[in-house]
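Engineer: Here you go, work.cif (mmCIF, C-alpha atoms):
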data_model
loop_
_atom_site.label_atom_id
_atom_site.label_comp_id
_atom_site.auth_asym_id
_atom_site.auth_seq_id
_atom_site.Cartn_x
_atom_site.Cartn_y
_atom_site.Cartn_z
CA MET A 167 46.27 -24.12 69.54
CA THR A 168 47.26 -25.53 66.18
CA THR A 169 48.17 -23.20 63.35
CA THR A 170 48.54 -24.20 59.75
CA ALA A 171 50.44 -22.40 57.08
CA PRO A 172 48.42 -20.77 54.31
CA ARG A 173 48.16 -22.88 51.18
CA ARG A 174 50.20 -21.93 48.18
CA GLN A 175 48.19 -20.80 45.17
CA ARG A 176 48.81 -21.40 41.51
CA GLY A 177 47.12 -18.16 40.50
CA GLY A 178 43.63 -16.76 40.77
CA TYR A 179 44.61 -14.40 43.56
CA PHE A 180 42.04 -11.74 42.67
CA PRO A 181 38.29 -12.34 42.41
CA SER A 182 37.03 -12.54 38.85
CA ASP A 183 34.00 -10.73 37.53
CA SER A 184 32.14 -12.24 34.58
CA GLU A 185 31.45 -8.71 33.29
CA ALA A 186 35.13 -7.70 33.33
CA PRO A 187 37.30 -7.82 30.22
CA ARG A 188 39.91 -10.56 29.95
CA PRO A 189 43.20 -9.92 31.74
CA LEU A 190 45.96 -8.15 29.81
CA ALA A 191 49.05 -10.33 29.59
CA ALA A 192 52.70 -10.01 28.69
CA ARG A 193 55.16 -12.87 28.36
CA LEU A 194 58.92 -12.76 28.32
CA ARG A 195 61.91 -15.07 28.54
CA TYR A 196 64.59 -14.66 31.16
CA ARG A 197 67.90 -16.48 31.51
CA VAL A 198 68.97 -16.93 35.13
CA ARG A 199 72.23 -15.04 35.70
CA PHE A 200 75.02 -15.61 38.19
CA SER A 201 73.90 -12.50 40.14
CA ASP A 202 70.44 -14.09 40.62
CA VAL A 203 71.58 -17.21 42.43
CA ASP A 204 72.65 -18.15 45.95
CA PRO A 205 75.67 -20.37 46.84
CA MET A 206 73.63 -23.45 45.86
CA ALA A 207 73.27 -22.06 42.28
CA ILE A 208 69.50 -21.66 42.58
CA VAL A 209 67.65 -18.37 42.34
CA TRP A 210 67.66 -16.62 45.70
CA HIS A 211 64.06 -16.19 46.90
CA GLY A 212 64.34 -12.38 46.99
CA ARG A 213 65.08 -12.23 43.25
CA TYR A 214 61.56 -13.35 42.34
CA ALA A 215 60.28 -9.82 42.98
CA ASN A 216 62.78 -8.61 40.39
CA LEU A 217 61.55 -11.20 37.88
CA PHE A 218 57.98 -10.01 38.50
CA GLU A 219 59.17 -6.44 37.88
CA HIS A 220 60.65 -7.34 34.48
CA ALA A 221 57.30 -8.69 33.31
CA SER A 222 55.31 -5.88 34.94
CA ASP A 223 57.48 -3.29 33.18
CA GLU A 224 56.87 -4.92 29.77
CA LEU A 225 53.14 -5.08 30.38
CA GLY A 226 52.91 -1.51 31.68
CA ARG A 227 54.80 0.00 28.74
CA ALA A 228 52.60 -1.86 26.27
CA VAL A 229 49.33 -0.59 27.76
CA GLY A 230 50.29 3.01 28.57
CA LEU A 231 51.12 2.43 32.24
CA GLY A 232 54.91 2.51 32.05
CA TYR A 233 57.24 4.52 34.23
CA ALA A 234 57.59 7.28 31.61
CA ASP A 235 53.79 7.54 31.47
CA PHE A 236 53.57 7.92 35.26
CA TYR A 237 56.23 10.63 35.30
CA ARG A 238 54.60 12.52 32.44
CA GLU A 239 51.24 12.44 34.27
CA LYS A 240 52.88 13.37 37.61
CA VAL A 241 51.60 10.30 39.44
CA ARG A 242 53.36 7.35 41.00
CA ALA A 243 52.15 3.79 41.55
CA PRO A 244 54.07 2.25 44.45
CA ILE A 245 53.66 -1.42 45.23
CA VAL A 246 51.74 -1.81 48.48
CA GLN A 247 51.49 -5.60 48.42
CA LEU A 248 53.81 -8.29 47.07
CA HIS A 249 53.19 -12.00 47.44
CA VAL A 250 55.14 -15.01 46.13
CA ASP A 251 54.31 -18.72 46.22
CA TYR A 252 57.31 -20.94 45.42
CA PHE A 253 56.94 -24.36 43.79
CA ALA A 254 60.29 -25.37 42.27
CA PRO A 255 63.70 -23.69 42.11
CA LEU A 256 65.19 -22.03 39.05
CA ALA A 257 68.85 -22.84 38.42
CA LEU A 258 71.80 -20.88 37.08
CA GLY A 259 71.64 -20.66 33.28
CA GLU A 260 68.06 -21.87 33.09
CA ASP A 261 65.68 -20.12 30.69
CA ALA A 262 62.48 -19.14 32.47
CA ALA A 263 59.20 -17.88 31.02
CA ILE A 264 57.55 -15.09 32.98
CA VAL A 265 53.91 -14.14 32.53
CA ALA A 266 52.32 -11.00 33.96
CA ARG A 267 48.52 -10.60 33.87
CA MET A 268 46.85 -7.32 34.74
CA MET A 269 43.51 -8.15 36.30
CA TRP A 270 40.51 -5.86 35.83
CA CYS A 271 39.82 -3.69 38.86
CA ALA A 272 37.43 -0.73 38.88
CA THR A 273 39.14 1.05 41.79
CA ALA A 274 42.28 3.22 41.91
CA ARG A 275 44.75 0.35 41.91
CA ILE A 276 46.59 -2.04 39.64
CA ASN A 277 46.41 -5.79 40.35
CA ILE A 278 48.93 -7.99 38.55
CA GLU A 279 49.28 -11.76 38.85
CA PHE A 280 52.51 -13.53 37.84
CA GLU A 281 53.63 -16.99 36.81
CA ILE A 282 57.22 -18.11 36.38
CA HIS A 283 57.70 -21.34 34.44
CA ARG A 284 60.85 -23.44 34.39
CA GLN A 285 62.64 -24.35 31.19
CA GLY A 286 60.80 -27.69 30.95
CA GLY A 287 57.44 -26.02 31.53
CA GLY A 288 57.01 -26.78 35.22
CA LEU A 289 55.78 -24.04 37.52
CA ALA A 290 58.53 -22.34 39.55
CA ALA A 291 56.50 -19.62 41.26
CA THR A 292 53.31 -17.59 41.20
CA GLY A 293 52.43 -14.36 42.93
CA TYR A 294 50.91 -10.93 42.71
CA THR A 295 51.44 -7.24 43.30
CA VAL A 296 49.01 -4.48 44.18
CA GLN A 297 49.86 -0.90 43.28
CA MET A 298 48.08 2.20 44.55
CA PHE A 299 48.43 5.75 43.24
CA VAL A 300 49.95 8.85 44.80
CA ASP A 301 50.65 12.32 43.43
CA GLU A 302 54.13 13.90 43.32
CA ALA A 303 53.79 15.02 46.95
CA GLY A 304 52.94 11.47 48.06
CA THR A 305 49.25 12.12 48.68
CA VAL A 306 47.14 9.01 48.08
CA LEU A 307 44.79 9.30 45.11
CA LEU A 308 41.41 7.82 45.91
CA ALA A 309 40.11 8.28 42.35
CA SER A 310 41.75 6.58 39.37
CA PRO A 311 44.19 8.87 37.56
CA ALA A 312 43.57 9.79 33.93
CA LEU A 313 46.21 7.43 32.54
CA LEU A 314 44.52 4.46 34.24
CA GLU A 315 41.11 5.56 32.94
CA ARG A 316 42.54 5.79 29.39
CA CYS A 317 43.97 2.30 29.73
CA ARG A 318 40.64 0.96 30.98
CA ALA A 319 38.74 2.59 28.10
CA ARG A 320 41.07 0.98 25.55
CA TRP A 321 40.89 -2.33 27.43
CA ARG A 322 37.07 -2.33 27.47
CA ALA A 323 36.99 -1.37 23.77
CA GLY A 324 39.13 -4.41 22.92
CA GLU A 325 42.08 -2.31 21.70
CA LEU A 326 44.50 -4.00 24.08
CA HIS A 327 45.24 -7.63 23.40
CA GLU A 328 47.51 -10.27 24.83
CA LEU A 329 51.09 -9.18 24.35
CA GLN A 330 54.11 -11.35 23.59
#
Show this structure as structure tokens.
Structural biologist:
Amino acid sequence: MTTTAPRRQRGGYFPSDSEAPRPLAARLRYRVRFSDVDPMAIVWHGRYANLFEHASDELGRAVGLGYADFYREKVRAPIVQLHVDYFAPLALGEDAAIVARMMWCATARINIEFEIHRQGGGLAATGYTVQMFVDEAGTVLLASPALLERCRARWRAGELHELQ
């Protein structure tokens, strides 16, 4: 029996719907620090989740889905899936560009795709996270919480635009 490794993707992890609004995006710059790298002075593979988190945090705060918003509404949104595809290493001191795109989803979840670009513009990594919702007691919420519905209403109305 021959097995093959799954192919790496350069994005497009979630199915697109022609009726859905455009993804919400946030972009930020990040300089690779000494604490990010391994003994070979390249970013340790486990740090990419942290880079995704930086961009996700910026995006969430801008659209009303930040940590403070979750706490105020007494809901949590733990990550239940994390995926990374690596293409080229980031090096110590390198300036990277991180893009987070929230993809439209009509269910009680948040789908975010990520791209990390090297200083010269080449692709370093792509990936995604999926977040589900729970209440303060940890009970899974099958219906979208109010803060997500408010975000979706603003998104559909065109009030939320690409963020920088």
Engineer: What does the distance from atom CA of Cys317 of chain A to atom CA of Pro181 of chain A come to in Å, to one decimal?
Structural biologist: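 It comes out at 20.2 Å.
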Engineer: Please measure the separation of atom CA of Leu248 of chain A and atom CA of Ala215 of chain A, giving the value in Å to one decimal.
Structural biologist: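 Calculated distance between atom CA of Leu248 of chain A and atom CA of Ala215 of chain A is 7.8 Å.
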Engineer: Applying the PyMOL selection byres ((chain A and resi 234-245) around 12) to the file I just gave you, which residues come out? Please list them as an MDAnalysis selection string.
Structural biologist: chainID A and resid 215 218:219 222:223 226:233 246:249 274:278 294:307 310:314 316:317
Engineer: Got a sec: who's within 7 Å of Arg195 of chain A, counting only C-alpha atoms, leaving out chain neighbours fewer than 6 positions off, as number ranges by chain?
Structural biologist: A: 261-264
Engineer: For Asp183 of chain A, which residue out of A:Met206, A:Leu256, A:Ala319, A:Cys271 is the nearest one, using only C-alpha atoms?
Structural biologist: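 Closest residue, counting only C-alpha atoms: A:Cys271.
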Engineer: Have a look at A:Arg188, A:Arg318, A:His283, A:Arg213 and name the one nearest to Met269 of chain A; count all atoms listed in the file.
Structural biologist: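 Distance minimum relative to Met269 of chain A lands on A:Arg188.
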Engineer: Grab the atom CA of Pro205 of chain A to atom CA of Phe280 of chain A distance for me, in Å with one decimal place.
Structural biologist: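 Spanning atom CA of Pro205 of chain A to atom CA of Phe280 of chain A is a straight-line distance of 25.8 Å.
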Engineer: Counting only C-alpha atoms, which residue out of A:Asp202, A:Ile282, A:Gly212, A:Ala309 sits closest to Arg176 of chain A?
Structural biologist: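 Residue with the minimum atom-to-atom distance to Arg176 of chain A: A:Ile282.
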Engineer: Which is closer to Gln175 of chain A than all the others in A:Pro255, A:Gly287, A:Gly293, A:Pro187, using all atoms listed in the file?
Structural biologist: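 Closest to Gln175 of chain A, using all atoms listed in the file: A:Gly293.
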Engineer: Just want the 6 Å neighbourhood of Val265 of chain A, counted on only C-alpha atoms, with same-chain residues fewer than 5 positions away dropped. Output as a PDB file with C-alpha atoms, in the frame of the given file.
Structural biologist:
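Written out: around.pdb:
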ATOM      1  CA  ALA A 192      52.700 -10.010  28.690  1.00  0.00           C
ATOM      2  CA  ARG A 193      55.160 -12.870  28.360  1.00  0.00           C
ATOM      3  CA  PHE A 280      52.510 -13.530  37.840  1.00  0.00           C
ATOM      4  CA  GLU A 281      53.630 -16.990  36.810  1.00  0.00           C
TER       5      GLU A 281
END
Engineer: Calculated over all atoms listed in the file, which of the candidates A:Leu258, A:Ala290, A:Ala272, A:Ala191 has the smallest distance to Val203 of chain A?
Structural biologist: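 Under the stated criterion, the closest residue is A:Leu258.
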Engineer: Given the choices A:Phe180, A:Tyr214, A:Trp270, A:Phe253, which gets closest to Tyr196 of chain A if the distance is worked out from all atoms listed in the file?
Structural biologist: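 That would be A:Tyr214, the residue with the smallest distance to Tyr196 of chain A.
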Engineer: For segment 279-290 of chain A, supply all heavy atoms and report the output as a CSV table (one decimal), in the coordinates of the input.
Structural biologist:
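What follows is the written file result_24.csv:
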chain,number,residue,atom,x,y,z
A,279,GLU,N,48.9,-10.4,38.5
A,279,GLU,CA,49.3,-11.8,38.8
A,279,GLU,C,50.4,-12.2,38.0
A,279,GLU,O,50.5,-11.8,36.8
A,279,GLU,CB,48.1,-12.7,38.7
A,279,GLU,CG,47.0,-12.4,39.6
A,279,GLU,CD,45.8,-13.5,39.5
A,279,GLU,OE1,45.9,-14.4,38.7
A,279,GLU,OE2,44.9,-13.3,40.3
A,280,PHE,N,51.3,-13.1,38.5
A,280,PHE,CA,52.5,-13.5,37.8
A,280,PHE,C,52.6,-15.0,37.9
A,280,PHE,O,52.2,-15.7,38.9
A,280,PHE,CB,53.8,-12.9,38.5
A,280,PHE,CG,53.8,-11.4,38.5
A,280,PHE,CD1,53.3,-10.7,39.6
A,280,PHE,CD2,54.3,-10.7,37.4
A,280,PHE,CE1,53.3,-9.3,39.6
A,280,PHE,CE2,54.3,-9.4,37.4
A,280,PHE,CZ,53.8,-8.7,38.5
A,281,GLU,N,53.2,-15.6,36.8
A,281,GLU,CA,53.6,-17.0,36.8
A,281,GLU,C,55.0,-17.0,36.3
A,281,GLU,O,55.4,-16.3,35.3
A,281,GLU,CB,52.8,-17.8,35.8
A,281,GLU,CG,51.3,-17.9,36.2
A,281,GLU,CD,50.5,-18.7,35.2
A,281,GLU,OE1,51.1,-19.1,34.1
A,281,GLU,OE2,49.3,-18.8,35.3
A,282,ILE,N,55.9,-17.9,36.9
A,282,ILE,CA,57.2,-18.1,36.4
A,282,ILE,C,57.3,-19.6,36.1
A,282,ILE,O,57.1,-20.4,37.0
A,282,ILE,CB,58.3,-17.6,37.4
A,282,ILE,CG1,58.2,-16.1,37.6
A,282,ILE,CG2,59.7,-18.0,36.8
A,282,ILE,CD1,59.1,-15.6,38.7
A,283,HIS,N,57.6,-19.9,34.9
A,283,HIS,CA,57.7,-21.3,34.4
A,283,HIS,C,59.2,-21.7,34.2
A,283,HIS,O,59.9,-20.9,33.6
A,283,HIS,CB,56.9,-21.6,33.2
A,283,HIS,CG,55.4,-21.3,33.4
A,283,HIS,ND1,54.6,-22.3,33.8
A,283,HIS,CD2,54.7,-20.2,33.3
A,283,HIS,CE1,53.4,-21.9,33.9
A,283,HIS,NE2,53.4,-20.6,33.6
A,284,ARG,N,59.5,-22.9,34.6
A,284,ARG,CA,60.8,-23.4,34.4
A,284,ARG,C,61.0,-23.8,32.9
A,284,ARG,O,60.1,-23.9,32.2
A,284,ARG,CB,61.1,-24.7,35.3
A,284,ARG,CG,60.9,-24.3,36.7
A,284,ARG,CD,61.3,-25.4,37.6
A,284,ARG,NE,62.8,-25.6,37.5
A,284,ARG,CZ,63.4,-26.7,37.7
A,284,ARG,NH1,62.7,-27.8,38.0
A,284,ARG,NH2,64.7,-26.8,37.6
A,285,GLN,N,62.3,-24.0,32.6
A,285,GLN,CA,62.6,-24.4,31.2
A,285,GLN,C,61.8,-25.5,30.6
A,285,GLN,O,61.4,-25.5,29.5
A,285,GLN,CB,64.1,-24.7,31.1
A,285,GLN,CG,64.7,-24.7,29.8
A,285,GLN,CD,66.2,-24.6,29.8
A,285,GLN,OE1,66.8,-23.9,30.7
A,285,GLN,NE2,66.9,-25.4,29.0
A,286,GLY,N,61.6,-26.5,31.4
A,286,GLY,CA,60.8,-27.7,31.0
A,286,GLY,C,59.3,-27.5,31.0
A,286,GLY,O,58.5,-28.4,30.7
A,287,GLY,N,58.9,-26.3,31.5
A,287,GLY,CA,57.4,-26.0,31.5
A,287,GLY,C,56.8,-26.1,32.9
A,287,GLY,O,55.7,-25.7,33.1
A,288,GLY,N,57.5,-26.7,33.9
A,288,GLY,CA,57.0,-26.8,35.2
A,288,GLY,C,56.9,-25.4,35.9
A,288,GLY,O,57.6,-24.5,35.6
A,289,LEU,N,56.0,-25.3,36.8
A,289,LEU,CA,55.8,-24.0,37.5
A,289,LEU,C,56.8,-23.8,38.6
A,289,LEU,O,57.0,-24.7,39.5
A,289,LEU,CB,54.4,-24.1,38.1
A,289,LEU,CG,53.8,-22.8,38.7
A,289,LEU,CD1,53.7,-21.7,37.6
A,289,LEU,CD2,52.5,-23.0,39.3
A,290,ALA,N,57.5,-22.7,38.5
A,290,ALA,CA,58.5,-22.3,39.6
A,290,ALA,C,57.9,-21.5,40.7
A,290,ALA,O,58.2,-21.7,41.8
A,290,ALA,CB,59.7,-21.6,38.9
